[in-house]
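Next up, target_13.txt (compact mmCIF, C-alpha atoms):
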# COMPACT_ATOMS: atom_id res chain seq x y z
CA MET A 1 -9.62 3.86 -33.64
CA LYS A 2 -12.20 1.59 -32.02
CA ASP A 3 -14.49 2.94 -29.35
CA PRO A 4 -13.38 1.27 -26.05
CA PHE A 5 -16.98 1.14 -24.90
CA VAL A 6 -18.41 -0.78 -27.91
CA ARG A 7 -19.89 -4.05 -26.68
CA SER A 8 -18.50 -7.37 -27.74
CA PRO A 9 -20.73 -9.80 -29.67
CA ARG A 10 -21.89 -11.46 -26.48
CA GLY A 11 -23.06 -8.17 -25.00
CA VAL A 12 -20.27 -7.68 -22.42
CA ASP A 13 -18.31 -4.45 -22.44
CA PRO A 14 -14.56 -5.32 -22.54
CA ALA A 15 -13.81 -2.30 -20.34
CA ASP A 16 -16.24 -3.65 -17.76
CA ASN A 17 -14.30 -6.91 -17.73
CA ILE A 18 -11.00 -5.10 -17.07
CA VAL A 19 -12.43 -3.19 -14.11
CA GLN A 20 -14.02 -6.32 -12.69
CA GLN A 21 -10.66 -8.09 -12.92
CA ALA A 22 -8.99 -5.11 -11.22
CA ARG A 23 -11.52 -5.21 -8.40
CA GLN A 24 -10.85 -8.91 -7.95
CA GLY A 25 -7.16 -8.09 -7.39
CA SER A 26 -5.62 -8.64 -10.84
CA ILE A 27 -2.39 -6.62 -10.86
CA ALA A 28 -2.28 -6.55 -14.68
CA ALA A 29 -5.82 -5.14 -14.82
CA ILE A 30 -5.01 -2.51 -12.16
CA VAL A 31 -1.96 -1.40 -14.15
CA GLN A 32 -4.04 -1.15 -17.34
CA VAL A 33 -6.67 1.04 -15.63
CA LEU A 34 -3.95 3.28 -14.14
CA ASN A 35 -2.11 3.63 -17.44
CA ASP A 36 -5.33 4.47 -19.31
CA ASN A 37 -6.05 7.29 -16.85
CA LEU A 38 -2.55 8.75 -16.40
CA THR A 39 -1.73 9.37 -20.05
CA ASP A 40 -2.37 13.11 -19.70
CA LEU A 41 0.45 13.26 -17.14
CA GLY A 42 2.79 11.24 -19.36
CA VAL A 43 3.07 8.59 -16.64
CA ARG A 44 3.35 4.84 -17.15
CA THR A 45 3.09 2.39 -14.28
CA ARG A 46 4.32 -1.06 -13.36
CA ALA A 47 3.32 -2.98 -10.24
CA VAL A 48 3.89 -6.08 -8.19
CA PHE A 49 2.19 -7.29 -5.01
CA ALA A 50 4.84 -8.07 -2.41
CA GLU A 51 4.86 -8.44 1.37
CA GLY A 52 1.23 -7.34 1.70
CA TRP A 53 1.77 -4.08 -0.24
CA LEU A 54 1.03 -3.06 -3.81
CA GLN A 55 4.45 -1.90 -5.00
CA LEU A 56 3.73 0.66 -7.75
CA LEU A 57 6.39 2.19 -10.01
CA CYS A 58 5.59 5.42 -11.90
CA GLU A 59 7.86 6.49 -14.74
CA SER A 60 7.90 9.50 -17.04
CA PRO A 61 10.39 10.58 -19.73
CA GLN A 62 10.92 13.87 -17.89
CA ALA A 63 11.14 14.62 -14.18
CA GLN A 64 8.87 17.68 -14.35
CA GLY A 65 5.93 15.44 -15.31
CA LEU A 66 6.16 13.62 -11.98
CA ASP A 67 4.74 16.13 -9.49
CA ILE A 68 4.30 14.19 -6.24
CA ASP A 69 1.05 15.83 -5.12
CA GLU A 70 -0.74 15.46 -8.45
CA VAL A 71 0.46 11.92 -9.17
CA VAL A 72 -0.30 10.61 -5.67
CA GLU A 73 -3.73 12.26 -5.60
CA ARG A 74 -4.66 10.81 -9.00
CA ILE A 75 -3.44 7.30 -8.12
CA GLN A 76 -5.24 7.26 -4.75
CA GLU A 77 -8.43 8.47 -6.43
CA LEU A 78 -8.24 5.71 -9.03
CA LEU A 79 -7.40 2.91 -6.59
CA GLU A 80 -10.20 3.92 -4.23
CA SER A 81 -12.60 3.95 -7.19
CA ILE A 82 -11.48 0.44 -8.13
CA SER A 83 -11.43 -0.79 -4.49
CA ALA A 84 -9.40 -3.86 -5.44
CA ARG A 85 -9.69 -6.92 -3.24
CA ASN A 86 -6.91 -7.35 -0.64
CA ILE A 87 -5.14 -4.12 -1.66
CA ARG A 88 -5.22 -1.59 1.14
CA ARG A 89 -1.60 -0.37 1.33
CA VAL A 90 0.43 1.01 -1.57
CA ASN A 91 4.05 2.06 -1.92
CA ILE A 92 4.46 4.51 -4.82
CA TYR A 93 7.94 4.85 -6.30
CA CYS A 94 8.65 7.53 -8.89
CA ARG A 95 11.60 7.89 -11.24
CA VAL A 96 12.58 8.98 -14.73
CA ALA A 97 11.87 6.24 -17.27
CA ARG A 98 14.72 3.87 -18.09
CA GLU A 99 15.25 0.51 -19.71
CA GLU A 100 13.11 -2.46 -18.72
CA GLN A 101 14.14 -4.02 -15.42
CA LEU A 102 12.49 -7.26 -14.42
CA LEU A 103 13.76 -6.85 -10.86
CA TRP A 104 13.09 -3.12 -10.61
CA LEU A 105 11.85 -3.37 -7.01
CA ASP A 106 15.12 -4.99 -5.86
CA GLU A 107 17.09 -2.36 -7.76
CA ILE A 108 15.16 0.45 -6.08
CA ARG A 109 15.57 -1.04 -2.62
CA ARG A 110 19.29 -1.63 -3.21
CA ASP A 111 19.98 2.03 -4.08
CA PRO A 112 16.88 4.21 -3.51
CA GLU A 113 18.86 7.44 -3.37
CA ASN A 114 20.12 7.15 -6.94
CA GLN A 115 17.08 5.33 -8.35
CA LEU A 116 14.15 7.49 -7.25
CA LEU A 117 12.88 11.03 -7.55
CA TRP A 118 10.52 10.41 -4.63
CA SER A 119 8.42 7.73 -2.95
CA LYS A 120 5.17 7.76 -1.00
CA SER A 121 3.15 5.25 1.04
CA ILE A 122 -0.65 5.55 1.01
CA SER A 123 -3.64 3.66 2.39
CA ILE A 124 -6.70 2.86 0.28
CA ARG A 125 -10.01 3.60 1.98
CA ARG A 126 -12.92 1.24 1.44
CA PRO A 127 -16.41 2.62 0.77
CA ASN A 128 -18.86 2.14 3.61
CA LEU A 129 -21.83 -0.21 3.49
CA VAL A 130 -24.37 2.42 2.43
CA GLN A 131 -22.14 3.68 -0.40
CA ARG A 132 -21.66 0.15 -1.73
CA LEU A 133 -25.42 -0.54 -1.64
CA LEU A 134 -26.52 2.77 -3.15
CA ASN A 135 -23.72 3.29 -5.65
CA PRO A 136 -22.33 -0.01 -6.97
CA GLN A 137 -21.00 1.83 -10.04
CA ARG A 138 -18.61 4.06 -8.11
CA ARG A 139 -16.71 6.82 -9.83
CA PRO A 140 -13.94 9.08 -8.54
CA THR A 141 -15.15 12.33 -6.96
CA GLY A 142 -13.66 15.76 -7.50
CA PRO A 143 -13.14 18.12 -10.42
CA ARG A 144 -11.10 15.66 -12.42
CA LYS A 145 -12.91 13.20 -14.66
CA VAL A 146 -11.47 9.70 -14.63
CA ALA A 147 -12.08 7.54 -17.67
CA LEU A 148 -13.30 4.43 -15.92
CA PRO A 149 -15.73 2.32 -17.94
CA ARG A 150 -19.24 3.63 -18.02
CA ARG A 151 -20.78 0.29 -17.09
CA LEU A 152 -19.40 -2.06 -14.50
CA GLN A 153 -22.14 -4.66 -14.88
CA PRO A 154 -24.43 -5.72 -17.73
CA SER A 155 -27.09 -3.07 -18.16
CA GLN A 156 -30.23 -3.67 -16.11
CA PRO A 157 -33.23 -1.40 -15.62
CA ARG A 158 -33.07 0.56 -12.39
CA ASN A 159 -35.70 -0.25 -9.80
CA PRO A 160 -36.26 2.81 -7.55
CA GLU A 161 -38.47 0.83 -5.17
CA ARG A 162 -35.78 -1.81 -4.69
CA ASP A 163 -33.14 0.87 -4.11
CA ARG A 164 -35.34 2.53 -1.49
CA GLN A 165 -35.89 -0.79 0.27
CA LEU A 166 -32.15 -1.47 0.29
CA LEU A 167 -31.50 1.97 1.77
CA ILE A 168 -34.13 1.54 4.48
CA GLY A 169 -32.85 -1.96 5.29
CA SER A 170 -29.28 -0.69 5.55
CA ILE A 171 -30.28 2.16 7.88
CA ILE A 172 -32.27 -0.21 10.11
CA PHE A 173 -29.32 -2.63 10.22
CA ILE A 174 -26.92 0.14 11.24
CA LEU A 175 -29.31 1.43 13.91
CA VAL A 176 -29.68 -2.06 15.37
CA LEU A 177 -25.90 -2.41 15.54
CA LEU A 178 -25.55 0.98 17.24
CA LEU A 179 -28.27 0.25 19.80
CA GLY A 180 -26.81 -3.18 20.49
CA GLY A 181 -23.39 -1.63 21.04
CA ILE A 182 -24.77 1.01 23.42
CA TRP A 183 -26.65 -1.65 25.41
CA ALA A 184 -23.55 -3.86 25.64
CA TYR A 185 -21.41 -0.91 26.74
CA ARG A 186 -23.84 0.12 29.46
CA THR A 187 -24.11 -3.48 30.67
CA TRP A 188 -20.34 -3.71 30.89
CA ILE A 189 -20.06 -0.38 32.74
CA SER A 190 -22.70 -1.41 35.28
CA SER A 191 -20.85 -4.66 35.99
CA LEU A 192 -17.62 -2.86 36.96
CA PRO A 193 -16.89 -2.41 40.71
CA SER A 194 -17.61 1.10 41.97
CA ASP A 195 -14.31 1.44 43.83
CA SER A 196 -11.44 1.38 41.42
CA THR A 197 -8.93 3.27 43.57
CA ASP A 198 -6.92 0.12 44.17
CA LEU A 199 -5.76 0.02 40.58
CA PRO A 200 -1.97 0.28 40.43
CA ALA A 201 -0.75 3.65 39.25
CA ASP A 202 1.95 4.02 36.67
CA ASP A 203 5.37 4.29 38.27
CA PRO A 204 6.76 7.69 37.16
CA SER A 205 10.27 6.58 38.09
CA THR A 206 10.25 3.90 35.42
CA PRO A 207 12.37 5.20 32.54
CA ASN A 208 10.87 5.22 29.09
CA ASP A 209 12.29 2.60 26.81
CA THR A 210 13.64 4.54 23.85
CA SER A 211 14.93 1.47 22.03
CA PRO A 212 12.97 0.44 18.92
CA PRO A 213 10.24 -2.11 19.67
CA PRO A 214 11.12 -5.71 18.81
CA PRO A 215 9.41 -7.26 15.78
CA PRO A 216 6.08 -8.93 16.57
CA PRO A 217 6.70 -12.45 17.94
CA GLN A 218 4.11 -14.02 15.66
CA LEU A 219 6.19 -13.23 12.56
CA ASP A 220 8.86 -15.64 11.40
CA ALA A 221 12.46 -14.64 10.73
CA PHE A 222 11.85 -14.04 7.01
CA ALA A 223 8.91 -11.69 7.64
CA GLN A 224 10.80 -9.83 10.39
CA ALA A 225 13.75 -9.31 8.06
CA VAL A 226 11.52 -7.98 5.29
CA THR A 227 9.87 -5.53 7.70
CA LEU A 228 13.23 -4.22 8.92
CA ALA A 229 14.49 -3.95 5.33
CA GLU A 230 11.45 -1.88 4.33
CA GLN A 231 12.00 0.45 7.28
CA ALA A 232 15.68 0.84 6.42
CA SER A 233 14.94 1.41 2.73
CA PHE A 234 12.59 4.30 3.43
CA ALA A 235 14.76 5.78 6.19
CA GLY A 236 17.73 5.74 3.82
CA GLN A 237 16.03 8.31 1.61
CA THR A 238 16.28 11.00 4.31
CA ALA A 239 19.36 9.96 6.34
CA GLU A 240 21.92 12.76 6.67
CA THR A 241 23.78 12.57 9.98
CA ARG A 242 26.35 10.02 11.03
CA ALA A 243 24.02 8.68 13.74
CA GLU A 244 21.23 8.12 11.20
CA TRP A 245 23.54 6.22 8.84
CA LEU A 246 24.84 4.07 11.69
CA ASP A 247 21.27 3.27 12.72
CA LEU A 248 20.55 2.26 9.11
CA ALA A 249 23.63 0.05 9.06
CA ALA A 250 22.44 -1.68 12.24
CA LYS A 251 18.97 -2.25 10.78
CA TRP A 252 20.34 -3.75 7.56
CA GLN A 253 22.66 -6.00 9.57
CA ARG A 254 19.79 -7.12 11.80
CA ALA A 255 17.70 -7.87 8.71
CA ALA A 256 20.58 -9.89 7.26
CA ASP A 257 20.96 -11.86 10.50
CA LEU A 258 17.24 -12.68 10.53
CA MET A 259 17.36 -13.84 6.90
CA ALA A 260 20.28 -16.09 7.80
CA GLN A 261 18.04 -17.84 10.36
CA VAL A 262 15.65 -19.19 7.70
CA PRO A 263 16.05 -23.00 7.81
CA PRO A 264 17.03 -24.97 4.68
CA ASP A 265 13.71 -26.83 4.63
CA ASP A 266 11.81 -23.53 4.22
CA SER A 267 10.52 -22.90 0.67
CA ARG A 268 11.96 -19.37 0.86
CA TYR A 269 15.46 -20.55 1.78
CA GLN A 270 17.14 -19.64 -1.53
CA THR A 271 15.51 -16.20 -1.52
CA ALA A 272 16.63 -15.72 2.09
CA ARG A 273 20.23 -16.53 1.15
CA ASP A 274 20.24 -13.97 -1.66
CA ARG A 275 18.70 -11.30 0.52
CA THR A 276 21.12 -12.03 3.37
CA GLN A 277 23.99 -11.07 1.08
CA LEU A 278 22.12 -8.01 -0.26
CA TYR A 279 21.24 -6.73 3.22
CA ARG A 280 24.83 -7.12 4.41
CA GLN A 281 26.02 -5.11 1.41
CA ASN A 282 23.48 -2.41 2.25
CA SER A 283 24.76 -2.37 5.85
CA GLN A 284 28.34 -1.87 4.61
CA VAL A 285 27.22 0.97 2.33
CA ALA A 286 25.46 2.69 5.25
CA GLN A 287 28.60 2.36 7.39
CA GLN A 288 30.67 3.92 4.60
CA ARG A 289 28.24 6.82 4.35
CA ALA A 290 28.52 7.35 8.13
CA GLU A 291 32.34 7.50 7.81
CA GLN A 292 32.07 9.98 4.94
CA VAL A 293 29.78 12.23 6.98
CA GLU A 294 32.20 12.08 9.93
CA GLN A 295 35.16 13.04 7.70
CA THR A 296 33.14 15.92 6.24
CA ASP A 297 32.22 17.22 9.71
CA ASP A 298 35.88 17.06 10.78
Represent the structure contained in this file as structure tokens.
Amino acid sequence: MKDPFVRSPRGVDPADNIVQQARQGSIAAIVQVLNDNLTDLGVRTRAVFAEGWLQLLCESPQAQGLDIDEVVERIQELLESISARNIRRVNIYCRVAREEQLLWLDEIRRDPENQLLWSKSISIRRPNLVQRLLNPQRRPTGPRKVALPRRLQPSQPRNPERDRQLLIGSIIFILVLLLGGIWAYRTWISSLPSDSTDLPADDPSTPNDTSPPPPPPQLDAFAQAVTLAEQASFAGQTAETRAEWLDLAAKWQRAADLMAQVPPDDSRYQTARDRTQLYRQNSQVAQQRAEQVEQTDD
């Protein structure tokens, strides 16, 4: 078996190239790094980037190998070590391995209750400026060793003096920003009028609006429908009461109505038509579940 860290004839470590591609946002490279480091858990991953999220599927031949805490912790540790470009939010779906499905994400969203063991949404933290300057070859922290490549850039001799200068420059830059912010804040405070008693007070008699907030106006109908569908998909995993299922049915129907508003000249029109039908089916399923719960309660 070849050593994965043996350099190629041109002096570039192939593993370095994979990590660099992963950091640039290559989904295939991210999946390769994850799979290389999750073999001890018996977990294989697949991923797509959709709707601003990295949609990550974890599969194992047996359910007991898919402990949510361990798998999520390991994946978050790896993704934060990679710090891939434009990937800050991740949906993790976990199920027992099955046959290849090209449209696995649609299958999961269509029937999450029967498809998944569990799911989890996480956010990927970015390293701060000082960490990026002092430690460009980041590695995961903690007791677990992660087999990321040992070199992320062609080997160069370390220059302690240059590192010290970078550190000092970074600290000075941060201090200047802090002082500038304090000065601006004080200037703003001093410019405010001293008597602020004429500010209108909140009217306690105004009832709180308990209805769900409308989708942001800057989003188009397609994006609003996708957002509602994501909310309904996750809520469907925990719905139990009749009221919860009826609320899900309303959300799926609203998502379908929004998809139906996509004009024919939109490049996503055909996708919108397919999803309109899918969301209406999901709404009907939720209504049926609400009726079943009502019959059970009776």
### Message
For a quick check of your reading of the model, name the residues lying within 10 Å of the coordinate (-6.7, -5.6, 1.9), counting all atoms listed in the file, and write them as a PyMOL selection string.
### Response
chain A and resi 25+52-54+83-89+123-126
### Task
Please identify all polymer residues within 10 Å of Arg273 (chain A), counting all atoms listed in the file, omitting same-chain residues fewer than 3 positions from it, and present them as a PyMOL selection string.
chain A and resi 256+259-262+264+268-270+276-278
### Task
Give me the residues within 10 Å of Ala29 (chain A) as a ChimeraX atom specification, counting only C-alpha atoms and dropping any in the same chain fewer than 6 places off.
/A:17-23,35
### Message
Quick one: residues within 9 Å of Arg110 (chain A), only C-alpha atoms, excluding same-chain residues fewer than 3 positions away - as a PyMOL selection string?
### Response
chain A and resi 105-107+115+233+278-279+281-282
#### Entry: Atomic distance CA of Lys251 (chain A) - CA of Thr271 (chain A), expressed in Å with one decimal
18.9 Å
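Nearest-residue note for Trp252 (chain A): choosing from A:Leu228, A:Leu56, A:Leu38, A:Ile189, the minimum distance belongs to A:Leu228, counting all atoms listed in the file.
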### Message
Here is a test: counting only C-alpha atoms, which residue of A:Ser190, A:Gln55, A:Gln287, A:Gln64 is nearest to Val43 (chain A)?
### Response
A:Gln64
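Between CA of Phe49 (chain A) and CA of Leu78 (chain A) there is a distance of 17.1 Å.
Between Ile75 (chain A) and the candidates A:Arg186, A:Arg95, A:Lys120, A:Arg109, the tightest atom-to-atom separation, counting all atoms listed in the file, involves A:Lys120.
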Using only C-alpha atoms, can you list as a PDB file with C-alpha atoms, keeping the file's coordinate frame the residues within 12 Å of (26.5, 6.3, 8.2)?
ATOM      1  CA  ALA A 235      14.760   5.780   6.190  1.00  0.00           C
ATOM      2  CA  GLY A 236      17.730   5.740   3.820  1.00  0.00           C
ATOM      3  CA  THR A 238      16.280  11.000   4.310  1.00  0.00           C
ATOM      4  CA  ALA A 239      19.360   9.960   6.340  1.00  0.00           C
ATOM      5  CA  GLU A 240      21.920  12.760   6.670  1.00  0.00           C
ATOM      6  CA  THR A 241      23.780  12.570   9.980  1.00  0.00           C
ATOM      7  CA  ARG A 242      26.350  10.020  11.030  1.00  0.00           C
ATOM      8  CA  ALA A 243      24.020   8.680  13.740  1.00  0.00           C
ATOM      9  CA  GLU A 244      21.230   8.120  11.200  1.00  0.00           C
ATOM     10  CA  TRP A 245      23.540   6.220   8.840  1.00  0.00           C
ATOM     11  CA  LEU A 246      24.840   4.070  11.690  1.00  0.00           C
ATOM     12  CA  ASP A 247      21.270   3.270  12.720  1.00  0.00           C
ATOM     13  CA  LEU A 248      20.550   2.260   9.110  1.00  0.00           C
ATOM     14  CA  ALA A 249      23.630   0.050   9.060  1.00  0.00           C
ATOM     15  CA  ALA A 250      22.440  -1.680  12.240  1.00  0.00           C
ATOM     16  CA  LYS A 251      18.970  -2.250  10.780  1.00  0.00           C
ATOM     17  CA  TRP A 252      20.340  -3.750   7.560  1.00  0.00           C
ATOM     18  CA  ASN A 282      23.480  -2.410   2.250  1.00  0.00           C
ATOM     19  CA  SER A 283      24.760  -2.370   5.850  1.00  0.00           C
ATOM     20  CA  GLN A 284      28.340  -1.870   4.610  1.00  0.00           C
ATOM     21  CA  VAL A 285      27.220   0.970   2.330  1.00  0.00           C
ATOM     22  CA  ALA A 286      25.460   2.690   5.250  1.00  0.00           C
ATOM     23  CA  GLN A 287      28.600   2.360   7.390  1.00  0.00           C
ATOM     24  CA  GLN A 288      30.670   3.920   4.600  1.00  0.00           C
ATOM     25  CA  ARG A 289      28.240   6.820   4.350  1.00  0.00           C
ATOM     26  CA  ALA A 290      28.520   7.350   8.130  1.00  0.00           C
ATOM     27  CA  GLU A 291      32.340   7.500   7.810  1.00  0.00           C
ATOM     28  CA  GLN A 292      32.070   9.980   4.940  1.00  0.00           C
ATOM     29  CA  VAL A 293      29.780  12.230   6.980  1.00  0.00           C
ATOM     30  CA  GLU A 294      32.200  12.080   9.930  1.00  0.00           C
ATOM     31  CA  GLN A 295      35.160  13.040   7.700  1.00  0.00           C
ATOM     32  CA  THR A 296      33.140  15.920   6.240  1.00  0.00           C
TER      33      THR A 296
END
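Straight-line separation from CA of Arg46 (chain A) to CA of Ile108 (chain A): 13.1 Å.
Distance annotation: of A:Val96, A:Pro112, A:Asp266, A:Gly181, the residue with the minimal separation from Ala232 (chain A) is A:Pro112; atom set is all atoms listed in the file.
Distance annotation: of A:Leu117, A:Gln76, A:Leu179, A:Arg280, the residue with the minimal separation from Ala229 (chain A) is A:Arg280; atom set is only C-alpha atoms.
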